[in-house]
$ cat model_19.pdb   # PDB, C-alpha atoms and all ligand atoms
ATOM      1  CA  MET A   1      11.050  -8.275   8.849
ATOM      2  CA  VAL A   2      13.915  -5.868   8.045
ATOM      3  CA  LEU A   3      12.721  -2.296   8.270
ATOM      4  CA  TYR A   4      16.122  -0.668   8.366
ATOM      5  CA  THR A   5      19.246  -0.497   6.179
ATOM      6  CA  SER A   6      22.613   0.707   7.474
ATOM      7  CA  PRO A   7      24.241   3.754   5.864
ATOM      8  CA  SER A   8      25.984   2.799   2.623
ATOM      9  CA  PRO A   9      29.283   4.240   1.317
ATOM     10  CA  LYS A  10      27.803   3.823  -2.186
ATOM     11  CA  ASN A  11      25.761   6.985  -1.567
ATOM     12  CA  TRP A  12      28.796   9.115  -0.740
ATOM     13  CA  ASN A  13      31.147   9.892  -3.620
ATOM     14  CA  GLY A  14      32.719  12.956  -5.202
ATOM     15  CA  ARG A  15      35.923  14.902  -5.692
ATOM     16  CA  LYS A  16      38.726  13.919  -3.332
ATOM     17  CA  SER A  17      40.659  16.297  -1.110
ATOM     18  CA  GLU A  18      43.052  16.066   1.826
ATOM     19  CA  GLU A  19      41.024  18.379   4.042
ATOM     20  CA  GLN A  20      37.369  17.354   3.883
ATOM     21  CA  LEU A  21      36.479  19.945   1.267
ATOM     22  CA  TYR A  22      33.421  17.888   0.315
ATOM     23  CA  LEU A  23      30.550  16.535   2.351
ATOM     24  CA  HIS A  24      31.154  12.922   1.282
ATOM     25  CA  GLU A  25      34.481  13.258   3.107
ATOM     26  CA  LYS A  26      32.920  14.904   6.161
ATOM     27  CA  VAL A  27      29.918  12.616   6.649
ATOM     28  CA  GLU A  28      30.229   9.760   9.144
ATOM     29  CA  LEU A  29      28.271   6.588   8.454
ATOM     30  CA  VAL A  30      26.894   5.421  11.787
ATOM     31  CA  PRO A  31      24.079   2.857  12.115
ATOM     32  CA  ILE A  32      21.195   4.257  14.145
ATOM     33  CA  THR A  33      21.767   1.554  16.780
ATOM     34  CA  GLU A  34      25.171   3.087  17.557
ATOM     35  CA  ILE A  35      24.255   6.720  18.090
ATOM     36  CA  ALA A  36      23.929   6.314  21.855
ATOM     37  CA  ASN A  37      27.713   5.788  22.047
ATOM     38  CA  LEU A  38      28.525   9.146  20.455
ATOM     39  CA  LYS A  39      29.334  12.465  22.098
ATOM     40  CA  THR A  40      27.977  15.770  20.742
ATOM     41  CA  VAL A  41      26.625  15.386  17.218
ATOM     42  CA  GLN A  42      25.007  18.291  15.331
ATOM     43  CA  TYR A  43      23.182  16.655  12.395
ATOM     44  CA  ALA A  44      21.977  13.246  11.258
ATOM     45  CA  LEU A  45      20.386  12.251   7.966
ATOM     46  CA  LEU A  46      17.781   9.520   8.265
ATOM     47  CA  GLY A  47      16.156   8.137   5.118
ATOM     48  CA  TYR A  48      12.504   7.107   4.793
ATOM     49  CA  ALA A  49      12.624   4.743   1.813
ATOM     50  CA  CYS A  50       8.900   4.334   1.317
ATOM     51  CA  ASP A  51       6.426   5.143  -1.445
ATOM     52  CA  GLU A  52       3.581   2.933  -0.270
ATOM     53  CA  GLY A  53       1.705   6.066   0.899
ATOM     54  CA  VAL A  54       2.051   7.554  -2.585
ATOM     55  CA  ARG A  55       0.757   4.336  -4.153
ATOM     56  CA  ARG A  56      -2.254   4.295  -1.799
ATOM     57  CA  ASN A  57      -2.896   7.943  -2.676
ATOM     58  CA  GLN A  58      -3.063   7.100  -6.400
ATOM     59  CA  GLY A  59       0.248   8.814  -7.080
ATOM     60  CA  ARG A  60       3.285   7.847  -9.158
ATOM     61  CA  THR A  61       5.596   5.546  -7.206
ATOM     62  CA  GLY A  62       9.379   5.848  -7.141
ATOM     63  CA  ALA A  63       9.966   7.931  -4.004
ATOM     64  CA  ILE A  64      11.318   4.797  -2.294
ATOM     65  CA  ASN A  65      14.645   5.762  -3.952
ATOM     66  CA  GLY A  66      14.428   9.416  -2.869
ATOM     67  CA  PRO A  67      16.672   9.291   0.227
ATOM     68  CA  ASP A  68      19.661   7.722  -1.534
ATOM     69  CA  ALA A  69      19.331  10.117  -4.488
ATOM     70  CA  ILE A  70      19.517  13.127  -2.136
ATOM     71  CA  LYS A  71      22.530  11.717  -0.281
ATOM     72  CA  LYS A  72      24.348  11.139  -3.594
ATOM     73  CA  MET A  73      23.921  14.807  -4.591
ATOM     74  CA  LEU A  74      24.722  16.145  -1.120
ATOM     75  CA  GLY A  75      28.011  14.249  -0.905
ATOM     76  CA  LYS A  76      29.364  16.092  -3.945
ATOM     77  CA  MET A  77      28.676  19.490  -2.371
ATOM     78  CA  PRO A  78      31.343  21.503  -0.555
ATOM     79  CA  ASN A  79      31.743  21.188   3.188
ATOM     80  CA  HIS A  80      31.886  24.477   5.106
ATOM     81  CA  LEU A  81      31.070  22.985   8.509
ATOM     82  CA  PRO A  82      33.358  23.683  11.458
ATOM     83  CA  LYS A  83      35.908  20.884  12.006
ATOM     84  CA  ASP A  84      34.441  19.880  15.355
ATOM     85  CA  HIS A  85      30.855  19.588  14.050
ATOM     86  CA  LYS A  86      29.602  16.103  13.381
ATOM     87  CA  PHE A  87      27.402  15.256  10.430
ATOM     88  CA  LEU A  88      26.057  11.697  10.206
ATOM     89  CA  ASP A  89      24.235   9.426   7.835
ATOM     90  CA  VAL A  90      22.385   6.999  10.107
ATOM     91  CA  GLY A  91      20.862   4.874   7.348
ATOM     92  CA  ASN A  92      17.354   4.368   6.016
ATOM     93  CA  VAL A  93      14.113   3.104   7.394
ATOM     94  CA  ALA A  94      12.836   0.914   4.576
ATOM     95  CA  CYS A  95       9.306  -0.137   3.721
ATOM     96  CA  VAL A  96       8.917  -3.872   3.246
ATOM     97  CA  GLU A  97       6.160  -4.860   0.839
ATOM     98  CA  THR A  98       3.198  -2.625   1.706
ATOM     99  CA  ASP A  99       3.772  -2.226   5.425
ATOM    100  CA  LEU A 100       3.510   1.550   5.638
ATOM    101  CA  GLU A 101       2.299   1.579   9.240
ATOM    102  CA  HIS A 102       5.321  -0.326  10.622
ATOM    103  CA  THR A 103       7.691   1.768   8.517
ATOM    104  CA  GLN A 104       6.194   4.868  10.110
ATOM    105  CA  GLN A 105       6.595   3.373  13.585
ATOM    106  CA  GLN A 106      10.232   2.581  12.860
ATOM    107  CA  LEU A 107      10.938   6.118  11.645
ATOM    108  CA  ALA A 108       9.206   7.580  14.710
ATOM    109  CA  LYS A 109      11.328   5.465  17.043
ATOM    110  CA  ASN A 110      14.522   6.583  15.325
ATOM    111  CA  ILE A 111      13.560  10.267  15.328
ATOM    112  CA  THR A 112      12.904  10.069  19.079
ATOM    113  CA  ALA A 113      16.298   8.385  19.556
ATOM    114  CA  LEU A 114      18.072  11.199  17.653
ATOM    115  CA  LEU A 115      16.282  13.965  19.530
ATOM    116  CA  ASP A 116      16.987  12.229  22.864
ATOM    117  CA  GLN A 117      20.687  12.442  21.931
ATOM    118  CA  GLN A 118      20.300  16.181  21.153
ATOM    119  CA  ILE A 119      20.973  15.475  17.465
ATOM    120  CA  PHE A 120      19.098  17.535  14.850
ATOM    121  CA  PRO A 121      17.297  15.030  12.569
ATOM    122  CA  ILE A 122      17.056  15.645   8.844
ATOM    123  CA  ALA A 123      14.722  12.984   7.495
ATOM    124  CA  LEU A 124      14.644  12.352   3.746
ATOM    125  CA  GLY A 125      11.634  10.936   1.916
ATOM    126  CA  GLY A 126       9.921   9.074   0.602
ATOM    127  CA  GLY A 127       6.243   9.959   0.430
ATOM    128  CA  HIS A 128       4.767  12.700   2.596
ATOM    129  CA  ASP A 129       3.441  10.046   4.969
ATOM    130  CA  ILE A 130       6.898  10.663   6.454
ATOM    131  CA  ALA A 131       5.227  13.626   8.203
ATOM    132  CA  TYR A 132       2.965  11.566  10.457
ATOM    133  CA  ALA A 133       5.895   9.294  11.351
ATOM    134  CA  HIS A 134       8.178  12.258  12.015
ATOM    135  CA  TYR A 135       5.523  13.928  14.163
ATOM    136  CA  LYS A 136       5.109  10.738  16.244
ATOM    137  CA  GLY A 137       8.883  10.686  16.778
ATOM    138  CA  ILE A 138       8.914  14.322  17.888
ATOM    139  CA  LYS A 139       6.003  13.675  20.276
ATOM    140  CA  GLY A 140       7.899  10.707  21.732
ATOM    141  CA  TYR A 141      10.728  13.092  22.589
ATOM    142  CA  LEU A 142       8.590  16.020  23.788
ATOM    143  CA  LYS A 143       6.397  13.845  26.025
ATOM    144  CA  ASP A 144       9.378  12.947  28.237
ATOM    145  CA  LYS A 145      11.707  15.896  27.821
ATOM    146  CA  LYS A 146       9.478  18.969  27.262
ATOM    147  CA  PRO A 147       5.870  18.005  28.066
ATOM    148  CA  LYS A 148       4.654  21.613  28.086
ATOM    149  CA  ALA A 149       6.235  22.657  24.788
ATOM    150  CA  LYS A 150       3.802  23.837  22.108
ATOM    151  CA  LEU A 151       4.645  22.277  18.759
ATOM    152  CA  GLY A 152       4.183  24.192  15.500
ATOM    153  CA  ILE A 153       4.268  22.463  12.118
ATOM    154  CA  ILE A 154       5.401  24.391   9.053
ATOM    155  CA  ASN A 155       4.787  22.681   5.723
ATOM    156  CA  PHE A 156       5.968  24.048   2.362
ATOM    157  CA  ASP A 157       3.622  22.261  -0.014
ATOM    158  CA  ALA A 158       1.165  22.656  -2.885
ATOM    159  CA  HIS A 159      -1.223  20.421  -0.899
ATOM    160  CA  PHE A 160      -2.851  20.472   2.548
ATOM    161  CA  ASP A 161      -2.467  16.679   2.936
ATOM    162  CA  LEU A 162      -5.549  16.788   5.161
ATOM    163  CA  ARG A 163      -7.396  13.837   3.659
ATOM    164  CA  ASN A 164      -9.375  11.628   6.013
ATOM    165  CA  PRO A 165      -7.598   8.260   6.369
ATOM    166  CA  GLU A 166     -10.854   6.259   6.166
ATOM    167  CA  ASN A 167      -9.090   3.534   4.189
ATOM    168  CA  GLY A 168      -5.772   3.766   5.990
ATOM    169  CA  PRO A 169      -2.965   6.320   6.027
ATOM    170  CA  THR A 170      -1.491   7.604   2.749
ATOM    171  CA  SER A 171       0.782  10.419   1.627
ATOM    172  CA  GLY A 172      -2.336  12.622   1.523
ATOM    173  CA  THR A 173      -3.454  12.097   5.143
ATOM    174  CA  PRO A 174      -0.586  12.955   7.549
ATOM    175  CA  PHE A 175      -1.787  16.332   8.828
ATOM    176  CA  PHE A 176      -5.363  15.133   9.325
ATOM    177  CA  GLN A 177      -3.954  12.283  11.425
ATOM    178  CA  ILE A 178      -1.853  14.736  13.424
ATOM    179  CA  ALA A 179      -4.797  17.110  13.920
ATOM    180  CA  LYS A 180      -6.797  14.277  15.468
ATOM    181  CA  GLU A 181      -4.024  13.660  18.023
ATOM    182  CA  GLU A 182      -3.194  17.256  18.945
ATOM    183  CA  LYS A 183      -5.077  19.231  21.601
ATOM    184  CA  GLU A 184      -3.949  22.388  19.862
ATOM    185  CA  PHE A 185      -3.194  21.922  16.156
ATOM    186  CA  ASN A 186      -0.680  24.554  15.047
ATOM    187  CA  TYR A 187      -0.256  23.960  11.335
ATOM    188  CA  LEU A 188       1.021  26.503   8.813
ATOM    189  CA  CYS A 189       0.878  25.386   5.208
ATOM    190  CA  ILE A 190       2.797  27.507   2.710
ATOM    191  CA  GLY A 191       2.226  27.342  -1.055
ATOM    192  CA  ILE A 192      -1.316  25.983  -1.302
ATOM    193  CA  ARG A 193      -2.621  25.725  -4.871
ATOM    194  CA  LYS A 194      -6.338  26.141  -5.513
ATOM    195  CA  ASP A 195      -5.950  23.940  -8.583
ATOM    196  CA  ALA A 196      -4.534  21.110  -6.466
ATOM    197  CA  ASN A 197      -6.837  21.020  -3.406
ATOM    198  CA  ASP A 198     -10.577  20.404  -3.636
ATOM    199  CA  LYS A 199     -13.386  22.229  -1.781
ATOM    200  CA  GLN A 200     -13.571  19.558   0.880
ATOM    201  CA  LEU A 201      -9.872  20.013   1.715
ATOM    202  CA  PHE A 202     -10.321  23.795   2.061
ATOM    203  CA  GLU A 203     -13.321  23.090   4.309
ATOM    204  CA  THR A 204     -11.267  20.694   6.475
ATOM    205  CA  ALA A 205      -8.509  23.325   6.690
ATOM    206  CA  ARG A 206     -11.090  25.872   7.870
ATOM    207  CA  GLU A 207     -12.574  23.497  10.466
ATOM    208  CA  LEU A 208      -9.110  22.718  11.820
ATOM    209  CA  ASP A 209      -8.050  26.391  11.917
ATOM    210  CA  VAL A 210      -5.155  25.752   9.580
ATOM    211  CA  VAL A 211      -3.155  28.851   8.710
ATOM    212  CA  TYR A 212      -2.253  28.788   5.038
ATOM    213  CA  ILE A 213      -0.564  30.926   2.443
ATOM    214  CA  GLU A 214      -1.686  30.488  -1.138
ATOM    215  CA  ARG A 215       0.788  29.992  -3.936
ATOM    216  CA  GLN A 216      -0.069  33.253  -5.707
ATOM    217  CA  VAL A 217       1.323  35.308  -2.830
ATOM    218  CA  MET A 218       4.513  33.242  -2.757
ATOM    219  CA  ARG A 219       6.445  35.991  -4.545
ATOM    220  CA  LEU A 220       9.543  37.954  -3.574
ATOM    221  CA  ASN A 221       7.522  41.211  -3.894
ATOM    222  CA  TYR A 222       5.512  40.047  -0.866
ATOM    223  CA  LEU A 223       8.543  38.968   1.179
ATOM    224  CA  GLU A 224       7.949  41.422   4.035
ATOM    225  CA  GLU A 225       4.296  40.369   4.400
ATOM    226  CA  LEU A 226       5.247  36.684   4.196
ATOM    227  CA  LYS A 227       7.871  37.139   6.901
ATOM    228  CA  THR A 228       5.363  38.944   9.125
ATOM    229  CA  TRP A 229       2.822  36.089   8.814
ATOM    230  CA  LEU A 230       5.534  33.507   9.428
ATOM    231  CA  LYS A 231       6.805  35.383  12.482
ATOM    232  CA  ALA A 232       3.276  35.625  13.918
ATOM    233  CA  PHE A 233       2.925  31.833  13.629
ATOM    234  CA  ILE A 234       6.371  31.135  15.097
ATOM    235  CA  GLU A 235       5.720  33.429  18.074
ATOM    236  CA  LYS A 236       2.739  31.289  19.142
ATOM    237  CA  VAL A 237       4.764  28.071  19.455
ATOM    238  CA  ASP A 238       7.807  26.819  21.391
ATOM    239  CA  CYS A 239       9.330  24.470  18.843
ATOM    240  CA  ILE A 240       8.960  23.802  15.137
ATOM    241  CA  TYR A 241       8.782  20.736  12.971
ATOM    242  CA  LEU A 242       9.583  21.804   9.402
ATOM    243  CA  THR A 243       8.536  19.665   6.465
ATOM    244  CA  ILE A 244       9.237  20.532   2.833
ATOM    245  CA  ASP A 245       7.255  18.735   0.146
ATOM    246  CA  LEU A 246       9.231  19.175  -3.069
ATOM    247  CA  ASP A 247       6.033  19.228  -5.129
ATOM    248  CA  GLY A 248       5.335  22.733  -3.814
ATOM    249  CA  PHE A 249       8.217  24.028  -5.941
ATOM    250  CA  SER A 250       7.554  24.850  -9.567
ATOM    251  CA  SER A 251       8.205  21.842 -11.763
ATOM    252  CA  ALA A 252      10.746  24.069 -13.534
ATOM    253  CA  PHE A 253      12.877  23.421 -10.422
ATOM    254  CA  ALA A 254      11.366  20.161  -9.136
ATOM    255  CA  PRO A 255      10.169  17.835 -11.900
ATOM    256  CA  GLY A 256      11.059  14.724  -9.906
ATOM    257  CA  VAL A 257       7.916  14.312  -7.803
ATOM    258  CA  SER A 258       4.666  12.388  -8.012
ATOM    259  CA  ALA A 259       2.366  15.412  -8.411
ATOM    260  CA  ALA A 260       4.342  18.142 -10.182
ATOM    261  CA  SER A 261       3.457  21.858  -9.863
ATOM    262  CA  PRO A 262       4.014  23.925 -13.025
ATOM    263  CA  MET A 263       2.670  26.890 -11.055
ATOM    264  CA  GLY A 264       4.642  26.202  -7.877
ATOM    265  CA  PHE A 265       6.930  28.508  -5.886
ATOM    266  CA  GLU A 266      10.615  29.336  -6.388
ATOM    267  CA  PRO A 267      13.586  28.113  -4.334
ATOM    268  CA  GLN A 268      14.970  31.609  -3.564
ATOM    269  CA  LEU A 269      11.814  32.592  -1.698
ATOM    270  CA  VAL A 270      11.906  29.402   0.349
ATOM    271  CA  LEU A 271      15.505  30.171   1.369
ATOM    272  CA  GLU A 272      14.415  33.629   2.545
ATOM    273  CA  LEU A 273      11.650  32.113   4.680
ATOM    274  CA  LEU A 274      13.913  29.333   5.942
ATOM    275  CA  THR A 275      16.261  32.036   7.228
ATOM    276  CA  SER A 276      13.444  33.423   9.399
ATOM    277  CA  ILE A 277      12.653  29.921  10.687
ATOM    278  CA  LEU A 278      16.318  29.232  11.495
ATOM    279  CA  ASP A 279      16.769  32.650  13.131
ATOM    280  CA  SER A 280      13.866  31.939  15.488
ATOM    281  CA  GLY A 281      16.035  29.300  17.220
ATOM    282  CA  LYS A 282      12.912  27.116  17.553
ATOM    283  CA  LEU A 283      13.556  24.591  14.785
ATOM    284  CA  LEU A 284      13.620  21.127  16.369
ATOM    285  CA  SER A 285      13.569  18.790  13.389
ATOM    286  CA  MET A 286      12.997  18.766   9.625
ATOM    287  CA  ASP A 287      12.342  16.590   6.614
ATOM    288  CA  ILE A 288      12.192  16.809   2.846
ATOM    289  CA  ALA A 289       9.525  14.696   1.169
ATOM    290  CA  GLU A 290       8.334  13.343  -2.161
ATOM    291  CA  LEU A 291      11.534  13.130  -4.207
ATOM    292  CA  ASN A 292      10.830  10.672  -7.010
ATOM    293  CA  PRO A 293      14.064  10.037  -8.965
ATOM    294  CA  ASP A 294      12.128   8.205 -11.736
ATOM    295  CA  TYR A 295      10.704  11.531 -12.938
ATOM    296  CA  ASP A 296      13.723  13.690 -12.208
ATOM    297  CA  ILE A 297      15.666  15.416 -14.996
ATOM    298  CA  ASP A 298      19.463  15.498 -14.627
ATOM    299  CA  ASN A 299      19.016  15.065 -10.847
ATOM    300  CA  GLN A 300      17.686  18.645 -10.591
ATOM    301  CA  THR A 301      15.122  17.831  -7.909
ATOM    302  CA  ALA A 302      17.585  15.711  -5.943
ATOM    303  CA  LYS A 303      20.068  18.612  -6.169
ATOM    304  CA  LEU A 304      17.417  21.061  -5.002
ATOM    305  CA  ALA A 305      16.682  18.830  -1.994
ATOM    306  CA  ALA A 306      20.422  18.499  -1.297
ATOM    307  CA  SER A 307      20.844  22.288  -1.543
ATOM    308  CA  LEU A 308      18.075  22.776   1.034
ATOM    309  CA  VAL A 309      19.846  20.401   3.413
ATOM    310  CA  HIS A 310      23.164  22.146   2.652
ATOM    311  CA  PHE A 311      21.586  25.514   3.440
ATOM    312  CA  VAL A 312      20.099  24.391   6.752
ATOM    313  CA  ILE A 313      23.222  22.684   8.096
ATOM    314  CA  HIS A 314      25.396  25.672   7.192
ATOM    315  CA  GLU A 315      23.061  28.497   8.230
ATOM    316  CA  GLN A 316      21.520  27.100  11.387
ATOM    317  CA  PRO A 317      22.859  28.613  14.603
ATOM    318  CA  VAL A 318      24.130  25.713  16.774
TER     319      VAL A 318
HETATM  320  N1  LIG B 401       1.087  14.058  -0.817
HETATM  321  C1  LIG B 401       0.431  14.404  -1.816
HETATM  322  N2  LIG B 401      -0.861  14.674  -1.756
HETATM  323  C2  LIG B 401      -1.662  15.134  -2.814
HETATM  324  C3  LIG B 401      -1.443  14.414  -4.113
HETATM  325  C4  LIG B 401      -2.142  15.064  -5.234
HETATM  326  C5  LIG B 401      -2.073  14.333  -6.568
HETATM  327  O1  LIG B 401      -1.677  13.148  -6.616
HETATM  328  O2  LIG B 401      -2.396  14.964  -7.558
HETATM  329  C6  LIG B 401      -3.095  15.015  -2.380
HETATM  330  O3  LIG B 401      -3.474  13.997  -1.791
HETATM  331  O4  LIG B 401      -3.845  15.954  -2.604
HETATM  332 MN    MN B 402       2.365  18.073  -2.097
HETATM  333 MN    MN B 403       2.568  16.900   0.783
END
$ encode --input "model_19.pdb" --output "structure tokens" --more "lines below"
Ligand SMILES: N=CN[C@@H](CCC(=O)O)C(=O)O
Ligand SMILES: [Mn+2]
Ligand SMILES: [Mn+2]
Amino acid sequence: MVLYTSPSPKNWNGRKSEEQLYLHEKVELVPITEIANLKTVQYALLGYACDEGVRRNQGRTGAINGPDAIKKMLGKMPNHLPKDHKFLDVGNVACVETDLEHTQQQLAKNITALLDQQIFPIALGGGHDIAYAHYKGIKGYLKDKKPKAKLGIINFDAHFDLRNPENGPTSGTPFFQIAKEEKEFNYLCIGIRKDANDKQLFETARELDVVYIERQVMRLNYLEELKTWLKAFIEKVDCIYLTIDLDGFSSAFAPGVSAASPMGFEPQLVLELLTSILDSGKLLSMDIAELNPDYDIDNQTAKLAASLVHFVIHEQPV
């Protein structure tokens, strides 16, 4: 069974220059199996082409094409990276038929391989079941290299994704699955909508001591308070896994998702909070989930996802 596709030049097009002015000219396409041969690499994009978790969660499928759509928009963006910094596309983990569980295992293995090589992974979804897979990959790395490190998970999302996987994992279960495996579950969920999470989910969040920020306080007027809460969470942990579910953004900015949020948050505020996360120096790995190109309008959501990646790779201290 093929659970992996090599990076494709078809995803990387744009204006041409002589001096790598654009990211499609900067990116190096390196199959994941070849990363061990490389010297210092800063960033690698790894796709999670899977919407089986969304289907199981009664959502609208299409996120299987999310990773390639983000790469296509990112390639057209300007490159401001230092000449000696390496930026890779290492291909996609791909879901075959309905085999979500093996797809997750494959992503986990590849995330561990990137972290072992000191490469910062940027995983692109795909359904939010990417989060459980990504977490397993991070644990694979921490177990050997930093067994005492306390992991914190920061999720920008309209949803807790704390459903009980009684009937198998879905895009709605990743953080419940993680909670069951963690001795200390450090989970901060930013952008929670009361009109998108039922009573039982709030109850589970309370039982699991989840720290959450509701959507109505996700406003620039509350920036100082938001930064203080974020800082308090970051101080408690040694390293951070950041996951951004695009459906937390207002559908004015992110229509291309399974469960759109007309009352979601704005991109500018997320950039402000991302700056605090990057400045902490604790960010270990990140992903962007739930892009569904079938419902996108003029690639706006894919562009938003690409802009988030662009921001992180250019603002992160390395
Ligand atoms: N990953 C998404 N999770 C949401 C989906 C909500 C919806 O489809 O409306 C959830 O399970 O709550
Ligand atoms: Mn969501
Ligand atoms: Mn989610």
$ axis_aligned_box --input "model_19.pdb" --around "ligand LIG 401 (chain B)" --padding-each-side "4 Å" --output "JSON"
{"center_x": -1.4, "center_y": 14.6, "center_z": -4.2, "size_x": 12.9, "size_y": 10.8, "size_z": 14.7}
$ resolve_selection --input "model_19.pdb" --expression "the PyMOL selection byres (((chain A and resi 109-113) around 7) and not hetatm)" --output "MDAnalysis selection string"
chainID A and resid 105:108 114:117 121 134 137:138 140:141
$ residues_near_ligand --input "model_19.pdb" --ligand "ligand MN 402 (chain B)" --cutoff "9 Å" --atoms "only C-alpha atoms and all ligand atoms" --output "NGL selection string"
:A and (128 or 156-161 or 171-172 or 192 or 196 or 244-248 or 257-261 or 289-290)
$ closest_residue --input "model_19.pdb" --among "A:Ala232, A:Leu291, A:Leu88, A:Leu273" --to "ligand MN 403 (chain B)" --atoms "only C-alpha atoms and all ligand atoms"
A:Leu291
$ residues_around --input "model_19.pdb" --residues "Gln300 (chain A)" --least-positions-apart "5" --cutoff "10 Å" --atoms "only C-alpha atoms" --output "list in words"
Met73, Ala252, Phe253, Ala254, Pro255, Gly256, Pro293, Ala305 and Ala306 of chain A
$ resolve_selection --input "model_19.pdb" --expression "the PyMOL selection byres (((chain A and resi 287) around 10) and not hetatm)" --output "list in words"
Leu45, Leu46, Gly47, Tyr48, Pro121, Ile122, Ala123, Leu124, Gly125, Gly126, His128, Ile130, Ala131, His134, Asn155, Tyr241, Leu242, Thr243, Ile244, Asp245, Ser285, Met286, Ile288, Ala289, Ala305 and Val309 of chain A
$ residues_around --input "model_19.pdb" --residues "Asp238 (chain A)" --least-positions-apart "3" --cutoff "8 Å" --atoms "all atoms listed in the file" --output "ChimeraX atom specification"
/A:149-152,234-235,282
$ atom_distance --input "model_19.pdb" --atom1 "CA of Ala94 (chain A)" --atom2 "CA of Tyr4 (chain A)"
5.3 Å
$ closest_residue --input "model_19.pdb" --among "A:Glu315, A:Glu101, A:Asp195, A:Glu214" --to "ligand LIG 401 (chain B)" --atoms "all atoms listed in the file"
A:Asp195
$ closest_residue --input "model_19.pdb" --among "A:Ile119, A:Leu3, A:Ile32, A:Cys189" --to "ligand MN 403 (chain B)" --atoms "only C-alpha atoms and all ligand atoms"
A:Cys189
$ residues_around --input "model_19.pdb" --residues "region 5-11 of chain A" --least-positions-apart "5" --cutoff "10 Å" --atoms "all atoms listed in the file" --output "PDB file with C-alpha atoms, in the frame of the given file"
ATOM      1  CA  HIS A  24      31.154  12.922   1.282  1.00  0.00           C
ATOM      2  CA  VAL A  27      29.918  12.616   6.649  1.00  0.00           C
ATOM      3  CA  GLU A  28      30.229   9.760   9.144  1.00  0.00           C
ATOM      4  CA  LEU A  29      28.271   6.588   8.454  1.00  0.00           C
ATOM      5  CA  VAL A  30      26.894   5.421  11.787  1.00  0.00           C
ATOM      6  CA  PRO A  31      24.079   2.857  12.115  1.00  0.00           C
ATOM      7  CA  ILE A  32      21.195   4.257  14.145  1.00  0.00           C
ATOM      8  CA  THR A  33      21.767   1.554  16.780  1.00  0.00           C
ATOM      9  CA  LEU A  45      20.386  12.251   7.966  1.00  0.00           C
ATOM     10  CA  LEU A  46      17.781   9.520   8.265  1.00  0.00           C
ATOM     11  CA  GLY A  47      16.156   8.137   5.118  1.00  0.00           C
ATOM     12  CA  ALA A  49      12.624   4.743   1.813  1.00  0.00           C
ATOM     13  CA  PRO A  67      16.672   9.291   0.227  1.00  0.00           C
ATOM     14  CA  ASP A  68      19.661   7.722  -1.534  1.00  0.00           C
ATOM     15  CA  ALA A  69      19.331  10.117  -4.488  1.00  0.00           C
ATOM     16  CA  ILE A  70      19.517  13.127  -2.136  1.00  0.00           C
ATOM     17  CA  LYS A  71      22.530  11.717  -0.281  1.00  0.00           C
ATOM     18  CA  LYS A  72      24.348  11.139  -3.594  1.00  0.00           C
ATOM     19  CA  MET A  73      23.921  14.807  -4.591  1.00  0.00           C
ATOM     20  CA  LEU A  74      24.722  16.145  -1.120  1.00  0.00           C
ATOM     21  CA  GLY A  75      28.011  14.249  -0.905  1.00  0.00           C
ATOM     22  CA  LEU A  88      26.057  11.697  10.206  1.00  0.00           C
ATOM     23  CA  ASP A  89      24.235   9.426   7.835  1.00  0.00           C
ATOM     24  CA  VAL A  90      22.385   6.999  10.107  1.00  0.00           C
ATOM     25  CA  GLY A  91      20.862   4.874   7.348  1.00  0.00           C
ATOM     26  CA  ASN A  92      17.354   4.368   6.016  1.00  0.00           C
ATOM     27  CA  VAL A  93      14.113   3.104   7.394  1.00  0.00           C
ATOM     28  CA  ALA A  94      12.836   0.914   4.576  1.00  0.00           C
TER      29      ALA A  94
END
$ atom_distance --input "model_19.pdb" --atom1 "CA of Ala205 (chain A)" --atom2 "atom C4 of ligand LIG 401 (chain B)"
15.8 Å
$ residues_near_point --input "model_19.pdb" --point "(-1.9, 9.9, -1.6)" --cutoff "9 Å" --atoms "only C-alpha atoms" --output "list in words"
Glu52, Gly53, Val54, Arg55, Arg56, Asn57, Gln58, Gly59, Gly127, His128, Asp129, Asp161, Arg163, Pro169, Thr170, Ser171, Gly172 and Thr173 of chain A
$ atom_distance --input "model_19.pdb" --atom1 "CA of Phe202 (chain A)" --atom2 "CA of Leu283 (chain A)"
27.1 Å
$ build_atoms --input "model_19.pdb" --residues "region 297-303 of chain A" --atoms "N, CA and C atoms" --output "tab-separated table (two decimals), in the frame of the given file"
chain	number	residue	atom	x	y	z
A	297	ILE	N	14.92	15.11	-13.76
A	297	ILE	CA	15.67	15.42	-15.00
A	297	ILE	C	17.05	15.88	-14.57
A	298	ASP	N	18.07	15.15	-14.99
A	298	ASP	CA	19.46	15.50	-14.63
A	298	ASP	C	19.64	15.71	-13.13
A	299	ASN	N	18.91	14.97	-12.32
A	299	ASN	CA	19.02	15.06	-10.85
A	299	ASN	C	18.69	16.46	-10.29
A	300	GLN	N	17.95	17.26	-11.05
A	300	GLN	CA	17.69	18.64	-10.59
A	300	GLN	C	16.93	18.69	-9.26
A	301	THR	N	15.94	17.80	-9.13
A	301	THR	CA	15.12	17.83	-7.91
A	301	THR	C	15.93	17.29	-6.73
A	302	ALA	N	16.72	16.25	-7.00
A	302	ALA	CA	17.58	15.71	-5.94
A	302	ALA	C	18.60	16.77	-5.51
A	303	LYS	N	19.11	17.54	-6.49
A	303	LYS	CA	20.07	18.61	-6.17
A	303	LYS	C	19.40	19.73	-5.38
